[in-house]
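Enquirer: Dropping a structure here in structure tokens format, bear with me for questions.
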Amino acid sequence: MAEITTLREAIAGLVRDGDVVAMEGFTHLIPFAAGHEVLRQQRRNLTLVRMTPDVIYDQLIGAGCAKKLIFSWGGNPGVGSLHRLRDAVEHDWPAPLEIQEHGHGDLANAYVAGASNLPFAVLRAYAGSDLPKHNDKIKFIQCPFTGESLAAVPSIRPDVTVIHAQKSDRKGNILLWGILGVQKEAVLAAKRAIVTVEEIVDELNAWPNACILPHWTISAVCRVPGGGFPSYAHGYYERDNRFYQAWDAVARDRDTFQKWIKAHILDTDNFEEFRQVLAESVSQET
Amino acid sequence: MAEITTLREAIAGLVRDGDVVAMEGFTHLIPFAAGHEVLRQQRRNLTLVRMTPDVIYDQLIGAGCAKKLIFSWGGNPGVGSLHRLRDAVEHDWPAPLEIQEHGHGDLANAYVAGASNLPFAVLRAYAGSDLPKHNDKIKFIQCPFTGESLAAVPSIRPDVTVIHAQKSDRKGNILLWGILGVQKEAVLAAKRAIVTVEEIVDELNAWPNACILPHWTISAVCRVPGGGFPSYAHGYYERDNRFYQAWDAVARDRDTFQKWIKAHILDTDNFEEFRQVLAESVSQET
Amino acid sequence: MTPSAYTTNEIMTIAAARLLKNGAVCFVGIGLPSTAANLARLTHAPDIVLIYESGPIGAKPSILPLSIGDGNLAETADTVVSTPEIFRYWLQGGRVDVGFLSAAQIDRFANINTTVIGDYKKPGTRLPGAGGAPEIASCAGQVVLVLKQSARGFVKKLDFVTSVGHLDGGDARRRLNLPGKGPVAVVTDLCLMEPDPATKELTVTQLHPGISAEQIRKATEWEIRFAPELKETLLPTKTELEILRDLERRTRLAHGNLTAA
Amino acid sequence: MTPSAYTTNEIMTIAAARLLKNGAVCFVGIGLPSTAANLARLTHAPDIVLIYESGPIGAKPSILPLSIGDGNLAETADTVVSTPEIFRYWLQGGRVDVGFLSAAQIDRFANINTTVIGDYKKPGTRLPGAGGAPEIASCAGQVVLVLKQSARGFVKKLDFVTSVGHLDGGDARRRLNLPGKGPVAVVTDLCLMEPDPATKELTVTQLHPGISAEQIRKATEWEIRFAPELKETLLPTKTELEILRDLERRTRLAHGNLTAA
């Protein structure tokens, strides 16, 4: 049953050291505010799951929150590398990062299997690929009817899934639209779920067959306008491509990164204050 | 690529004797007009697939179109038995009917597997049930990661799927809403697909994430207003519960049934004429 | 209120409705279960969440659906998803607290038959079949069954096990690794039965007012067990009866005097 | 138009775009493939169907997406489905005619590496990883690759096979029961290569204007084969160049001078 609460309380109560945490959002609706709060509260030893780690996981990995990453594409979309992810994988900085690597179709299927309470998913992939050689979570099974060989991967069942959505009503029913990604599956696969939303309204006024997560599938709902920044929220604001590009220079250097994290996240109280500090530092640069 | 054509031509060209045919629609949007046209054109030796055979398959079975039925619940919803289905199973009339019987979750998963081009689906079901004893298409497999036993069923890949939907645009893109059933999966699992629609419009004006079947997944689109009668089309007309109740008496007796089929379907030219003849026979009764 | 002031159908429906807790997520079969679940929603359990296998989640029908996919279910639901999703993410996914079912035949371990009376290959009476029941019986957190009691329905041995209750009793469900707890109650027009905590054999724990143990014995093919201390079902309240009758009246009007089977 | 009147990037994009037939259903990777696919849509293939792995089906973006899930893709699409559905029903389901990909490294059989340069455990350069490429490479009806040619990218042996082309050649794909035909063309800034019908080894079949065989040999680590009769890529037409430049101009304006990587 969804509790409508502050983001600080939600993260404090529901994200624990050592948890398997999935923050999802496929370019759209990436839960940056929630990710920052996890970083601000300095969670440790997390196993982070995400199809596209993006800048949000670059920040968490660089800040030393993660011991393991389960992913399928780790880049800064439209810009280049995630330097903190690379530094962790290539040079164990700030700590060794175990990686478990899949393809998108595989991880998407693994979330579906998790949401479906199945222990594994079956898909056509990986014949001839080197990925199974480096990931013992990819196996091959035979169809009991045709004998065909198919890939099998274990389902993903996060301890907690965190997503950002457009709207909630006052009961905590969640409505999202546009690029849906794997958010619904990630929530339904998880033991606990936190959703930040752009706004909380009296009535969702949803259209037929809208993508809705009922309040009883959600642990906590937090109103955080702009909580998807610098990604975007369809119908609310666009992606801040400049932030993504600027991140490249911030993340490239360990020292620059650490100062940025301290000033923008550790030394701020919440996402609103982060936005203010960021606005100040951007205006100083230009 | 969708051809916009008449129902008669679509059935003539796309449904062949001996085909595996799925006509889907879960109470809602049952493709009665298309089913009648298959009956009118006297297709034979069909393997009929449908989660809920309903009155539409009672008619086809009683008229001798089917050699096999793959299904999961064969009743007249809210009324009782499907007498023609029962007569075929219990007394081989008008011909023996092979049945392959599943549960709803199983068949729904089997369509999903078909749409996903997988040879089989995995689900949690049937442990302890007698169904696998009488259906060799239900097997059990072990999870390669946990060792758990799970049910496996072959995917459904119809030669042709037939559905009814609310709208098409002039290219043949299909929009449906309300109770969606397994129609999308049934179409995507099939080699060919026929869709009858309430209306063909210039613009679908679909809402975000609407259930749309693009024209390039459809073989033929036919405008048949009321083509879901006596089931319903959300936003167009309601279910004709009286027809469903009246069907019980028609189907109970072989002779009555055969006369009804001759007068209402075989001797009519199309669905519009069927509706006229039906209206006349109903008004005579009351 | 006296026993003669309500029908046996009514007390069955009301007793079943009372078992549903407010806020519970219920996967509802058509007919008696749907009537009882909606009665619960309109009385003590306004926040109950009704899921129908056709796709509606959080349906709040103003009239009783005649079929499992009536338009009124879609119109009043929080959302409507595809049938595969209902079975995959919601039922098998473990999101359903209570599966609410009926049956043609039931045995002492609450296994149910909705497939065939007689031999499968040479059926005496062919019944509609499984529907969603095998998956509900496997995966719902718990199952409540509601059906009229008769010696033809409450049988020593099922002709066909369509959907599992407690199999041959004891910890059989756990041994088969079934996700849900299985049947926790069977409500009939005569009484309420619950599985024995150890053997899982159905045991009458509560009689409807005016019903004798003898009536129940006659309406059960196997030698039915009774709890040492039998409770009596509370009489239907005026509110319960009014709301139930009003619901059925609205339904009859809307469906043209048809009633849900 | 002379070779100096367009850039090598432009002719690569234009040559790739020309390979896409009108009406084809294309599963489009971000960057070069997306640019080429949209150029095709805006020139000779107005009815091409663009699917992006984030969920849009039939996207008709007015500017080039910077990321795989830009809002403009959703706004202009015929519909947007979930990412699992894209991979399950549409790509794996066999509904995609052409998978349009780029790569960091490629070998003579058009196998591709987007994972790592150097050892997997001790990477020299860690690349972004697989994304949707393994599934596209397996399941799309055919695959077209577009990437700049260099000896570092066109290597004798891949450090890591992320997504399969023709494996070790011949009928290897068929032996592994891969649903799609695999790569049918590789378009670079220098030339067009196609797999030999029998061996499946990439063979240069077409040179871009002004490009010599020697330039291609230098930009290929393995001993690259040439078809006996080499064609020359038709010069970009004025319309092609205008539309491509206009698209990139609109994109730069909208994205604040950023360009898709």
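Ligands are numbered from 1 in the order shown, residues from 1 within each chain, and chains are lettered A, B, ... in the order they appear in the structure tokens.
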Which polymer residues have any atom within 8 Å of an atom of region 83-90 of chain D, counting only C-alpha atoms, with same-chain residues fewer than 2 positions away left out, as a compact mmCIF listing (two decimals) with N, CA, C and O atoms, in the first residue's frame?

Expert:
# COMPACT_ATOMS: atom_id res chain seq x y z
N GLY A 105 17.48 -7.12 -24.81
CA GLY A 105 16.34 -8.03 -24.90
C GLY A 105 16.35 -9.00 -23.74
O GLY A 105 15.30 -9.35 -23.17
N ALA A 108 15.37 -7.10 -20.50
CA ALA A 108 13.94 -6.81 -20.56
C ALA A 108 13.14 -8.08 -20.26
O ALA A 108 12.18 -8.06 -19.47
N ASN A 109 13.55 -9.19 -20.83
CA ASN A 109 12.89 -10.47 -20.56
C ASN A 109 13.07 -10.90 -19.10
O ASN A 109 12.18 -11.51 -18.51
N VAL A 112 10.59 -9.12 -17.08
CA VAL A 112 9.27 -9.72 -17.34
C VAL A 112 9.12 -11.01 -16.52
O VAL A 112 8.10 -11.24 -15.87
N LEU A 180 7.68 3.95 -22.23
CA LEU A 180 7.39 3.27 -20.96
C LEU A 180 8.58 2.46 -20.44
O LEU A 180 8.64 2.15 -19.24
N GLY A 181 9.49 2.10 -21.32
CA GLY A 181 10.66 1.32 -20.89
C GLY A 181 10.24 0.03 -20.20
O GLY A 181 9.31 -0.65 -20.61
N VAL A 182 10.95 -0.31 -19.14
CA VAL A 182 10.62 -1.53 -18.38
C VAL A 182 10.13 -1.18 -16.99
O VAL A 182 10.19 -2.00 -16.08
N VAL B 112 1.32 -15.61 -26.32
CA VAL B 112 2.46 -14.72 -26.10
C VAL B 112 3.72 -15.34 -26.70
O VAL B 112 4.50 -14.68 -27.39
N ALA B 115 3.54 -15.02 -30.45
CA ALA B 115 3.85 -13.65 -30.88
C ALA B 115 5.33 -13.35 -30.73
O ALA B 115 5.88 -12.53 -31.45
N SER B 116 5.98 -14.01 -29.79
CA SER B 116 7.40 -13.78 -29.51
C SER B 116 8.30 -14.72 -30.32
O SER B 116 9.51 -14.75 -30.07
N ASN B 117 7.73 -15.48 -31.22
CA ASN B 117 8.50 -16.46 -32.02
C ASN B 117 9.32 -17.40 -31.14
O ASN B 117 10.48 -17.70 -31.43
N LEU B 188 -0.30 -11.27 -33.78
CA LEU B 188 1.15 -11.30 -34.00
C LEU B 188 1.70 -12.73 -34.05
O LEU B 188 2.78 -12.96 -34.57
N GLU D 53 14.45 0.80 -29.98
CA GLU D 53 14.35 -0.22 -28.94
C GLU D 53 13.65 0.30 -27.67
O GLU D 53 13.19 -0.50 -26.85
N SER D 54 13.57 1.62 -27.52
CA SER D 54 12.88 2.16 -26.34
C SER D 54 11.37 1.98 -26.41
O SER D 54 10.70 2.14 -25.39
N GLY D 55 10.82 1.70 -27.58
CA GLY D 55 9.39 1.41 -27.64
C GLY D 55 8.60 2.03 -28.78
O GLY D 55 7.54 1.52 -29.12
N VAL D 81 5.13 1.12 -27.37
CA VAL D 81 4.91 -0.04 -26.50
C VAL D 81 6.07 -0.13 -25.51
O VAL D 81 7.05 0.60 -25.61
N GLN D 92 12.11 -10.16 -31.76
CA GLN D 92 12.18 -11.62 -31.70
C GLN D 92 11.00 -12.25 -32.43
O GLN D 92 11.11 -13.33 -33.02
N GLY D 93 9.87 -11.55 -32.42
CA GLY D 93 8.67 -12.04 -33.09
C GLY D 93 8.82 -12.15 -34.61
O GLY D 93 7.95 -12.71 -35.26
N GLY D 94 9.90 -11.59 -35.14
CA GLY D 94 10.15 -11.73 -36.57
C GLY D 94 9.47 -10.67 -37.41
O GLY D 94 9.29 -10.84 -38.62
N ARG D 95 9.10 -9.55 -36.79
CA ARG D 95 8.39 -8.49 -37.52
C ARG D 95 9.34 -7.46 -38.12
O ARG D 95 8.89 -6.52 -38.77
N VAL D 96 10.65 -7.58 -37.85
CA VAL D 96 11.61 -6.58 -38.30
C VAL D 96 12.32 -7.07 -39.56
O VAL D 96 12.91 -8.15 -39.56
N GLU D 135 20.43 -9.29 -29.88
CA GLU D 135 19.10 -9.75 -30.29
C GLU D 135 18.76 -9.29 -31.70
O GLU D 135 18.14 -10.02 -32.47

Enquirer: Going by DSSP on the backbone, which bits of region 8-200 of chain C are alpha helix (DSSP H)? Write them as an NGL selection string, please.

Expert: :C and (8-18 or 32-42 or 71-76 or 83-85 or 133-139 or 172-175)

Enquirer: Taking a cut-off of 12 Å and counting only C-alpha atoms, can you build a table that, for each residue of chain B near chain A, reports the nearest atom pair and how far apart they are in Å (one decimal), sorted by chain then residue number, as a Markdown table?

Expert:
| residue | atom | partner | partner_atom | distance |
| --- | --- | --- | --- | --- |
| B:Gly105 | CA | A:Ser116 | CA | 11.6 |
| B:Asn109 | CA | A:Ser116 | CA | 11.0 |
| B:Ala113 | CA | A:Val122 | CA | 9.8 |
| B:Ser116 | CA | A:Leu123 | CA | 8.7 |
| B:Asn117 | CA | A:Arg124 | CA | 8.5 |
| B:Leu118 | CA | A:Leu123 | CA | 7.2 |
| B:Pro119 | CA | A:Cys143 | CA | 6.8 |
| B:Phe120 | CA | A:Cys143 | CA | 6.7 |
| B:Ala121 | CA | A:Val122 | CA | 8.4 |
| B:Val122 | CA | A:Leu118 | CA | 8.2 |
| B:Leu123 | CA | A:Leu118 | CA | 7.2 |
| B:Arg124 | CA | A:Leu118 | CA | 7.6 |
| B:Ala125 | CA | A:Leu118 | CA | 11.3 |
| B:Asp136 | CA | A:Phe145 | CA | 10.1 |
| B:Lys137 | CA | A:Phe145 | CA | 8.1 |
| B:Ile138 | CA | A:Phe145 | CA | 9.7 |
| B:Lys139 | CA | A:Pro144 | CA | 7.5 |
| B:Phe140 | CA | A:Pro144 | CA | 8.4 |
| B:Ile141 | CA | A:Pro144 | CA | 7.5 |
| B:Gln142 | CA | A:Ile141 | CA | 9.7 |
| B:Cys143 | CA | A:Phe120 | CA | 6.7 |
| B:Pro144 | CA | A:Ile141 | CA | 7.5 |
| B:Phe145 | CA | A:Pro154 | CA | 6.7 |
| B:Thr146 | CA | A:Pro119 | CA | 7.1 |
| B:Gly147 | CA | A:Pro119 | CA | 9.3 |
| B:Glu148 | CA | A:Pro119 | CA | 8.0 |
| B:Ser149 | CA | A:Pro119 | CA | 10.1 |
| B:Leu150 | CA | A:Leu118 | CA | 8.7 |
| B:Ala151 | CA | A:Pro144 | CA | 10.5 |
| B:Ala152 | CA | A:Pro144 | CA | 7.7 |
| B:Val153 | CA | A:Phe145 | CA | 8.2 |
| B:Pro154 | CA | A:Phe145 | CA | 6.7 |
| B:Ser155 | CA | A:Phe145 | CA | 9.7 |
| B:Leu175 | CA | A:Pro208 | CA | 11.5 |
| B:Leu176 | CA | A:Pro208 | CA | 9.6 |
| B:Trp177 | CA | A:Pro208 | CA | 6.2 |
| B:Gly178 | CA | A:Pro208 | CA | 6.2 |
| B:Ile179 | CA | A:Asn209 | CA | 8.4 |
| B:Leu180 | CA | A:Asn209 | CA | 8.4 |
| B:Gly181 | CA | A:Asn209 | CA | 11.6 |
| B:Ala206 | CA | A:Trp207 | CA | 10.0 |
| B:Trp207 | CA | A:Trp207 | CA | 7.2 |
| B:Pro208 | CA | A:Gly178 | CA | 6.2 |
| B:Asn209 | CA | A:Gly178 | CA | 6.6 |
| B:Ala210 | CA | A:Asn209 | CA | 7.2 |
| B:Cys211 | CA | A:Asn209 | CA | 7.8 |
| B:Ile212 | CA | A:Asn209 | CA | 11.5 |
| B:His234 | CA | A:Pro208 | CA | 10.4 |
| B:Gly235 | CA | A:Pro208 | CA | 11.1 |

Enquirer: Taking into account only C-alpha atoms, which residue in the set D:Ser4, D:Ser34, D:Thr79, D:Thr199 is nearest to chain B?

Expert: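 Of D:Ser4, D:Ser34, D:Thr79, D:Thr199, the one nearest chain B is D:Thr79, counting only C-alpha atoms.
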
Enquirer: So which residues touch Ala130 (chain C) within 9 Å, counting only C-alpha atoms, skipping near sequence neighbours fewer than 4 positions away, as a list of chain:residue names?

Expert: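 Once the nearby chain positions are removed, what remains is B:Ser72, B:Trp73, B:Gly74, B:Glu101, B:His102, B:Gly103, B:His104, B:Leu131, C:Asn113, C:Thr114, C:Thr115, C:Pro134, C:Thr162, C:Ser163.
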
Enquirer: If you run DSSP on the backbone here, which positions in region 1-165 of chain C get strand (DSSP E or B)? Please write them as a ChimeraX atom specification.

Expert: /C:25-28,49-51,56-57,79-80,98-101,105-106,112-113,116-118,123-126,142-146,154,163

Enquirer: Excluding Ile136 (chain C) and any residue of its chain fewer than 5 positions from it, enumerate the residues within 8 Å of it, using only C-alpha atoms, and give them as number ranges by chain.

Expert: C: 27, 91, 99, 143

Enquirer: Can you write out the residues you just picked, keeping C-alpha atoms, as a compact mmCIF listing (two decimals), in the first residue's frame?

Expert:
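Output contents, as saved in selection12.txt:
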# COMPACT_ATOMS: atom_id res chain seq x y z
CA PHE C 27 -9.25 -12.55 -8.47
CA LEU C 91 -1.96 -13.69 -10.86
CA GLY C 99 -8.78 -16.33 -5.62
CA VAL C 143 -8.54 -19.55 -2.40

Enquirer: From the options D:Thr188, D:Ser212, D:Ser150, D:Thr251, which residue's atoms come nearest to chain A, counting only C-alpha atoms?

Expert: D:Thr251

Enquirer: When you count only C-alpha atoms, which of these residues is closest to Gln215 (chain C): C:Leu19, C:Leu127, C:Leu190, C:Ile51?

Expert: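 Under the stated criterion, the closest residue is C:Leu190.
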
Enquirer: Excluding Ala34 (chain B) and its own-chain neighbours fewer than 3 positions away, which residues fall within 8 Å of it when counting only C-alpha atoms? Please give them as a PyMOL selection string.

Expert: chain B and resi 7+11+31+37-38+162+196+227

Enquirer: Would you mind telling me which residue in B:Asp106, B:Arg16, B:Phe71, B:Gly114 lies nearest to chain D when using only C-alpha atoms?

Expert: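 For chain D, the nearest of the given residues is B:Gly114.
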